[in-house]
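Raw start_2.txt, compact mmCIF, C-alpha atoms:
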```txt
# COMPACT_ATOMS: atom_id res chain seq x y z
CA MET A 1 -3.86 54.01 50.15
CA GLU A 2 -6.98 54.49 52.30
CA ARG A 3 -8.59 51.20 53.23
CA GLN A 4 -12.29 50.61 52.70
CA ILE A 5 -14.79 47.81 53.09
CA SER A 6 -17.95 46.97 51.21
CA LEU A 7 -21.18 47.31 53.16
CA ARG A 8 -22.46 44.08 51.60
CA ARG A 9 -19.31 42.24 52.64
CA LEU A 10 -19.74 43.50 56.22
CA CYS A 11 -23.30 42.16 56.33
CA GLU A 12 -22.26 38.81 54.84
CA ASP A 13 -19.20 38.33 57.05
CA LEU A 14 -21.19 38.89 60.26
CA HIS A 15 -24.41 37.18 59.17
CA LYS A 16 -23.95 33.92 61.12
CA GLU A 17 -22.35 35.59 64.10
CA MET A 18 -24.93 38.37 64.54
CA PHE A 19 -27.99 36.26 63.72
CA TRP A 20 -29.40 39.14 61.71
CA ASP A 21 -31.80 39.40 58.79
CA CYS A 22 -32.00 42.06 56.12
CA LEU A 23 -35.12 44.23 56.12
CA CYS A 24 -33.85 46.64 53.49
CA ARG A 25 -31.12 46.07 50.93
CA PRO A 26 -29.94 49.11 48.88
CA GLY A 27 -29.90 48.86 45.12
CA LYS A 28 -26.20 49.71 45.04
CA ASP A 29 -23.30 48.87 47.31
CA PHE A 30 -21.44 51.39 49.47
CA TYR A 31 -17.97 51.45 50.98
CA LEU A 32 -17.10 52.32 54.55
CA ARG A 33 -13.90 54.22 55.33
CA GLY A 34 -12.32 55.54 58.51
CA ASP A 35 -13.57 58.92 59.68
CA PRO A 36 -10.56 61.29 59.83
CA LEU A 37 -12.68 63.97 61.56
CA ALA A 38 -13.59 61.76 64.50
CA GLU A 39 -11.29 62.41 67.47
CA ASP A 40 -11.87 58.94 68.88
CA ASP A 41 -11.69 57.11 65.55
CA VAL A 42 -9.30 54.16 65.74
CA ASN A 43 -9.17 52.39 62.38
CA GLY A 44 -12.86 53.11 61.72
CA ALA A 45 -14.27 52.25 65.15
CA ALA A 46 -15.96 55.69 65.33
CA LEU A 47 -18.09 54.80 62.32
CA VAL A 48 -20.46 52.90 64.61
CA GLY A 49 -22.57 54.26 67.46
CA PHE A 50 -26.00 55.09 68.88
CA LEU A 51 -28.20 58.03 67.91
CA ASN A 52 -25.94 61.03 67.55
CA PHE A 53 -27.37 64.24 66.09
CA ILE A 54 -24.20 66.28 66.59
CA ARG A 55 -21.76 63.90 64.89
CA PRO A 56 -23.86 61.26 63.10
CA HIS A 57 -22.44 57.80 62.55
CA VAL A 58 -22.28 55.91 59.28
CA VAL A 59 -23.60 52.78 61.04
CA GLN A 60 -26.32 53.48 63.61
CA ILE A 61 -27.30 51.02 66.35
CA ALA A 62 -30.90 51.25 67.54
CA GLY A 63 -32.31 49.38 70.52
CA ALA A 64 -35.41 49.79 72.65
CA ARG A 65 -34.48 53.22 74.02
CA GLU A 66 -33.49 54.65 70.66
CA MET A 67 -36.65 53.46 68.95
CA GLN A 68 -38.78 54.75 71.82
CA PHE A 69 -37.21 58.20 71.34
CA LEU A 70 -37.87 58.16 67.59
CA ARG A 71 -41.49 57.14 68.09
CA GLN A 72 -42.04 59.92 70.65
CA HIS A 73 -40.23 62.50 68.51
CA PRO A 74 -41.11 61.85 64.85
CA GLN A 75 -39.33 65.05 63.83
CA GLY A 76 -36.09 63.54 65.11
CA PHE A 77 -36.25 60.79 62.50
CA GLU A 78 -35.58 63.22 59.64
CA GLN A 79 -32.65 64.70 61.57
CA PHE A 80 -31.43 61.17 62.15
CA LEU A 81 -31.32 60.48 58.38
CA THR A 82 -28.10 62.21 57.37
CA GLU A 83 -26.20 61.77 54.12
CA LYS A 84 -23.54 59.76 55.99
CA LEU A 85 -25.99 57.10 57.19
CA ARG A 86 -25.51 53.80 55.35
CA LEU A 87 -26.66 51.08 57.75
CA ILE A 88 -29.12 50.79 60.64
CA VAL A 89 -28.98 47.76 62.92
CA LEU A 90 -32.16 47.15 64.91
CA CYS A 91 -31.46 45.22 68.11
CA GLU A 92 -33.55 43.59 70.84
CA LYS A 93 -36.42 42.58 68.51
CA GLU A 94 -37.18 46.20 67.56
CA THR A 95 -39.07 46.96 64.34
CA LEU A 96 -39.68 49.92 62.05
CA SER A 97 -43.00 51.30 60.93
CA PRO A 98 -43.85 50.85 57.22
CA GLU A 99 -43.48 54.62 56.77
CA MET A 100 -39.97 54.64 58.28
CA LEU A 101 -38.93 51.62 56.24
CA GLU A 102 -40.16 53.23 53.02
CA ILE A 103 -38.15 56.39 53.75
CA LEU A 104 -35.02 54.36 54.41
CA GLN A 105 -35.48 52.43 51.16
CA SER A 106 -35.75 55.68 49.22
CA ARG A 107 -32.55 56.95 50.89
CA GLN A 108 -30.63 53.74 49.99
CA VAL A 109 -30.03 52.87 53.67
CA ALA A 110 -29.54 49.21 54.57
CA VAL A 111 -31.49 47.86 57.56
CA MET A 112 -30.49 44.75 59.51
CA VAL A 113 -32.45 43.31 62.43
CA THR A 114 -31.16 41.06 65.23
CA ASN A 115 -32.29 39.81 68.63
CA LEU A 116 -28.91 40.53 70.23
CA GLU A 117 -28.39 43.26 72.83
CA VAL A 118 -27.23 46.65 71.61
CA GLN A 119 -23.93 46.58 73.52
CA LYS A 120 -22.94 43.24 72.02
CA VAL A 121 -23.74 44.43 68.50
CA LEU A 122 -21.88 47.70 69.03
CA ALA A 123 -18.76 45.98 70.40
CA ARG A 124 -18.64 43.40 67.58
CA LEU A 125 -19.15 45.93 64.79
CA ARG A 126 -16.47 48.24 66.19
CA LEU A 127 -14.01 45.37 66.50
CA TYR A 128 -14.76 44.20 62.96
CA LEU A 129 -14.30 47.66 61.40
CA HIS A 130 -11.27 48.32 63.58
CA ARG A 131 -9.51 45.28 62.14
CA GLU A 132 -10.69 45.61 58.55
CA LEU A 133 -9.83 49.32 58.21
CA ALA A 134 -6.55 49.24 60.14
CA ALA A 135 -3.44 50.43 58.31
CA ARG A 136 -1.35 47.51 57.06
CA GLN A 137 1.96 46.83 55.33
CA GLN A 138 3.78 43.79 53.94
CA VAL A 139 7.25 43.38 55.45
CA HIS A 140 9.96 40.93 54.39
CA GLY A 141 11.14 38.70 57.22
CA VAL A 142 10.23 35.82 59.49
CA LEU A 143 7.98 36.31 62.52
CA VAL A 144 8.28 33.93 65.46
CA ASP A 145 6.84 33.78 68.96
CA VAL A 146 9.73 33.23 71.36
CA LEU A 147 8.80 32.91 75.03
CA GLY A 148 5.68 35.00 74.41
CA VAL A 149 7.61 37.79 72.67
CA GLY A 150 6.94 38.45 68.97
CA LEU A 151 10.30 38.66 67.16
CA LEU A 152 10.60 39.82 63.58
CA LEU A 153 13.75 38.28 62.07
CA GLN A 154 15.21 40.25 59.18
CA GLY A 155 18.36 40.14 57.10
CA GLU A 156 19.66 39.71 53.59
CA VAL A 157 18.40 36.89 51.39
CA GLY A 158 20.18 33.65 52.26
CA ILE A 159 21.48 34.86 55.64
CA GLY A 160 19.65 32.01 57.42
CA LYS A 161 16.41 33.49 58.78
CA SER A 162 14.27 30.46 57.92
CA GLU A 163 16.88 28.03 59.26
CA LEU A 164 16.96 29.99 62.50
CA ALA A 165 13.15 29.92 62.68
CA LEU A 166 13.19 26.15 62.14
CA GLU A 167 15.67 25.69 65.00
CA LEU A 168 13.57 27.92 67.26
CA VAL A 169 10.42 25.89 66.48
CA SER A 170 12.31 22.68 67.20
CA ARG A 171 13.18 24.18 70.61
CA GLY A 172 9.50 24.64 71.45
CA HIS A 173 8.77 28.14 70.10
CA ARG A 174 6.12 29.02 67.51
CA LEU A 175 6.12 30.21 63.90
CA VAL A 176 3.83 32.99 62.74
CA ALA A 177 4.96 33.73 59.19
CA ASP A 178 7.87 32.99 56.90
CA ASP A 179 9.27 35.30 54.22
CA SER A 180 6.33 37.74 54.16
CA VAL A 181 4.68 39.26 57.25
CA LEU A 182 1.45 41.26 57.10
CA CYS A 183 1.82 44.04 59.67
CA ILE A 184 -1.36 45.68 61.00
CA ARG A 185 -1.47 48.72 63.29
CA GLU A 186 -4.17 47.68 65.73
CA ALA A 187 -3.54 50.54 68.17
CA PRO A 188 -1.51 53.76 68.08
CA GLN A 189 1.65 51.99 69.31
CA VAL A 190 0.78 48.35 68.61
CA ILE A 191 1.84 46.46 65.47
CA THR A 192 0.70 42.86 65.06
CA GLY A 193 2.17 40.51 62.52
CA HIS A 194 -0.04 38.09 60.61
CA CYS A 195 0.70 35.32 58.16
CA PRO A 196 -0.78 35.79 54.66
CA ALA A 197 -3.31 33.03 53.98
CA PRO A 198 -1.32 31.28 51.17
CA LEU A 199 1.75 30.90 53.41
CA ARG A 200 0.14 29.62 56.61
CA ASN A 201 1.88 26.62 58.23
CA PHE A 202 4.73 26.57 55.69
CA LEU A 203 8.43 27.38 55.98
CA GLU A 204 10.98 27.42 53.16
CA VAL A 205 14.43 26.12 54.05
CA ARG A 206 17.20 26.24 51.49
CA GLY A 207 18.31 22.72 50.63
CA LEU A 208 15.14 21.13 52.02
CA GLY A 209 12.45 23.06 50.20
CA ILE A 210 8.98 23.66 51.63
CA ILE A 211 8.26 22.29 55.13
CA ASN A 212 4.81 22.01 56.68
CA ILE A 213 5.48 23.06 60.27
CA ARG A 214 2.05 21.90 61.43
CA GLU A 215 2.71 18.40 60.07
CA PHE A 216 6.24 18.29 61.49
CA PHE A 217 5.68 19.70 64.98
CA GLY A 218 1.90 19.81 65.50
CA ALA A 219 -0.67 22.58 65.73
CA ALA A 220 0.95 24.05 68.84
CA ALA A 221 3.97 25.11 66.75
CA ILE A 222 1.86 27.57 64.73
CA VAL A 223 0.19 30.81 65.80
CA ARG A 224 -1.92 32.99 63.47
CA SER A 225 -0.71 36.40 64.69
CA LYS A 226 1.54 38.01 67.27
CA ARG A 227 2.33 41.51 68.42
CA ILE A 228 5.79 42.52 67.19
CA ARG A 229 7.84 43.65 70.19
CA LEU A 230 11.37 43.37 68.85
CA VAL A 231 13.08 43.32 65.45
CA VAL A 232 16.26 41.22 65.19
CA GLU A 233 18.29 41.97 62.08
CA ILE A 234 20.87 39.30 61.31
CA GLN A 235 23.98 40.72 59.67
CA ASP A 236 27.10 39.11 58.28
CA MET A 237 29.81 41.25 59.90
CA GLN A 238 33.58 41.12 59.65
CA ASP A 239 35.67 40.80 62.82
CA MET A 240 36.51 44.49 62.74
CA GLU A 241 32.84 45.45 62.56
CA ILE A 242 31.99 43.16 65.48
CA ALA A 243 34.72 44.82 67.52
CA ASP A 244 33.04 48.20 66.98
CA ILE A 245 29.76 47.08 68.57
CA ASP A 246 29.02 48.44 72.04
CA ARG A 247 29.66 45.44 74.28
CA LEU A 248 27.41 46.72 77.05
CA GLN A 249 24.30 47.52 75.00
CA GLY A 250 24.79 45.93 71.60
CA LYS A 251 23.88 47.66 68.36
CA VAL A 252 20.35 48.95 68.86
CA ASP A 253 18.24 51.39 66.83
CA HIS A 254 14.63 51.55 65.63
CA LEU A 255 12.67 50.33 62.63
CA ASP A 256 9.61 52.32 61.63
CA ILE A 257 6.58 50.26 60.59
CA LEU A 258 3.33 52.12 59.88
CA GLY A 259 4.57 55.08 61.91
CA VAL A 260 5.40 53.00 64.99
CA PRO A 261 9.10 52.83 66.01
CA LEU A 262 10.05 49.27 66.95
CA THR A 263 13.27 48.45 68.78
CA ARG A 264 15.72 46.79 66.38
CA LEU A 265 18.69 44.74 67.54
CA ARG A 266 21.40 44.16 64.93
CA MET A 267 22.91 40.74 65.62
CA PRO A 268 26.17 39.64 63.92
CA VAL A 269 26.31 36.08 62.59
CA SER A 270 29.45 33.97 62.53
CA ALA A 271 30.35 30.29 62.68
CA ALA A 272 30.97 30.30 66.43
CA ARG A 273 27.69 31.95 67.47
CA ASN A 274 24.56 29.98 68.40
CA LEU A 275 21.86 32.29 67.03
CA ALA A 276 18.95 30.35 68.50
CA VAL A 277 20.30 30.80 72.04
CA LEU A 278 21.07 34.46 71.36
CA VAL A 279 17.57 35.11 70.03
CA GLU A 280 16.05 33.45 73.09
CA ALA A 281 18.22 35.70 75.27
CA ALA A 282 17.10 38.74 73.26
CA ALA A 283 13.46 37.77 73.85
CA ARG A 284 14.06 37.42 77.61
CA SER A 285 15.90 40.75 77.65
CA GLN A 286 13.02 42.50 75.88
CA TYR A 287 10.56 41.00 78.37
CA VAL A 288 12.65 42.31 81.28
CA LYS A 289 12.82 45.79 79.74
CA GLU A 290 9.05 45.92 79.18
CA SER A 291 8.57 44.82 82.80
CA GLY A 292 10.53 47.86 83.97
CA GLY A 293 13.93 46.24 84.45
CA ASP A 294 17.20 47.85 83.36
CA MET A 295 20.01 45.30 83.36
CA LEU A 296 22.66 47.82 82.30
CA ALA A 297 21.73 50.15 85.18
CA ASP A 298 21.82 47.19 87.57
CA PHE A 299 25.27 46.24 86.31
CA GLU A 300 26.60 49.80 86.63
CA GLU A 301 25.19 50.06 90.17
CA GLN A 302 26.82 46.77 91.13
CA VAL A 303 30.17 47.95 89.75
CA ARG A 304 29.84 51.26 91.59
CA LEU A 305 29.11 49.52 94.88
CA SER A 306 32.02 47.11 94.35
CA VAL A 307 34.41 49.96 93.70
CA GLY A 308 33.11 51.77 96.81
CA GLU A 309 33.71 48.71 98.99
CA GLU A 310 37.31 48.53 97.84
```

Kindly transcribe the structure held in the file into structure tokens.
Amino acid sequence: MERQISLRRLCEDLHKEMFWDCLCRPGKDFYLRGDPLAEDDVNGAALVGFLNFIRPHVVQIAGAREMQFLRQHPQGFEQFLTEKLRLIVLCEKETLSPEMLEILQSRQVAVMVTNLEVQKVLARLRLYLHRELAARQQVHGVLVDVLGVGLLLQGEVGIGKSELALELVSRGHRLVADDSVLCIREAPQVITGHCPAPLRNFLEVRGLGIINIREFFGAAAIVRSKRIRLVVEIQDMQDMEIADIDRLQGKVDHLDILGVPLTRLRMPVSAARNLAVLVEAAARSQYVKESGGDMLADFEEQVRLSVGEE
């Protein structure tokens, strides 16, 4: 489903931050959506820009230079007023003539005015729309921050994901979300996991019930969001299945979330395995791989050199 955001909500959410006032409020509300025709549109960021007569923006930013151009070229104002235009933000103490304001009111275009610089307003609006219109998906699992690496723990119900997360937090790592993770595609190949508001700070452990991680371990044990770099799926495997796993590389494939393939490591659970230590090792291994290291290649090279020496 295509995401959208109310124009009135945008103005209200950024009111205190942008220090802006409303000069013109439309009689009806409008909804902003990502522009699929914009080549540089990333989750709606291309909706905002300066005067553009070739590809007009839905939200137009106007500072001293833009207003000077419109005053010197009155005919350009009509060209500026396209059907797509829904909001004009006047920056740097700029104002509109009564005639311009009347035309905008008749076209149902909202007008906000602020003393901030145009570049600051542009950057904040793009960031806001980028986050609000980004594709998102709810995923079952537990998200933890282990040594700076976002790990999504998955597995069947009752396999011990929450207990593992509790042990990791007790070892100094951080919890993002338990049971339900809100995944947002913030860049073409970047998925960040967020904790839904009702579940923040809490972890459910079978036999103990609901635990407030912030109360137990302090604010440092909680983080609001984290980029997901590795998926660890905990599986209850029989001895024969464990024997079939590649001992040099493990059982690795990919999990697709919002069109982004994420590396997934399938980790067998048994009574003799310390999962917390293994997950920490998986986080370190992922960090090494992202840094350009290849431990398997290093091992094979060492074996080759050893055999050559003999």

Could you give me, as an NGL selection string, the residues that have an atom at most 10 Å away from the point (-26.8, 45.8, 52.7) in the coordinates of the file, using only C-alpha atoms? :A and (6-12 or 22-30 or 86-88 or 108-112)

With a distance cut-off of 8 Å and only C-alpha atoms, select the neighbouring residues of stretch 146-163 of chain A, excluding the residue or stretch itself and same-chain residues fewer than 3 positions from it, and output the selection as an MDAnalysis selection string. chainID A and resid 140:143 166:168 173:174 178:179 203:206 226:236 280 283:284 286:287

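By chain and then residue number, the residues within 6 Å of stretch 56-60 of chain A are Leu47, Val48, Gly49, Phe50, Asn52, Lys84, Leu85, Arg86, Leu87 and Ile88 of chain A, counting all atoms listed in the file and disregarding those fewer than 4 positions away in sequence.
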
Expressed in Å to a single decimal, how great is the separation between atom CA of A:Phe69 and atom CA of A:Ser106?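 Between atom CA of A:Phe69 and atom CA of A:Ser106 the gap is 22.3 Å.
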
Atom CA of A:Glu17 to atom CA of A:Leu175, straight-line distance in Å: 29.0 Å

Nearest residue to A:Gly63 from the set A:Val118, A:Ser225, A:Leu14, A:Gln105 (distances using all atoms listed in the file): A:Val118

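Minimum distance to A:Leu129 across A:Leu255, A:Leu32, A:Val307, A:Val269 (counting all atoms listed in the file) occurs at A:Leu32.
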
At what distance in Å, to one decimal, does atom CA of A:Glu186 lie from atom CA of A:Arg131?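 Rounded to one decimal, the two atoms are 6.9 Å apart.
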
Mind giving me the axis-aligned box for stretch 123-127 of chain A with 3 Å on every side, centre plus edges in Å to one decimal, as AutoDock Vina command-line options?
```
--center_x -16.6 --center_y 45.8 --center_z 67.6 --size_x 11.1 --size_y 10.8 --size_z 11.6
```

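Proximity of A:Ala123, A:Arg33, A:Arg304, A:Ala220 to A:Ala135, computed with only C-alpha atoms, is greatest for A:Arg33.
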
Which one is closest to A:Ile5: A:Leu81, A:Val89, A:Ala134, A:Leu258? Count only C-alpha atoms.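 Distance minimum relative to A:Ile5 lands on A:Ala134.
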
Find the residues near A:Gly218: any atom within 12 Å, counting all atoms listed in the file, skip ones fewer than 5 places away on the same chain, and give them as a ChimeraX atom specification. /A:169-170,172-175,201,212-213,223

Residue contacts of A:Gln137 (8 Å, only C-alpha atoms) excluding same-chain residues fewer than 4 positions away, as an MDAnalysis selection string: chainID A and resid 182:184 257:258

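With only C-alpha atoms as the basis for measurement, A:Ala64 is the residue among A:Ala64, A:Phe77, A:Gln138, A:Val279 that approaches A:Lys93 most closely.
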
Selected residue, from A:Ile191, A:Leu104, A:Ala165, A:Leu296, that lies nearest to A:Ile211 when counting all atoms listed in the file: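 Closest to A:Ile211, using all atoms listed in the file: A:Ala165.
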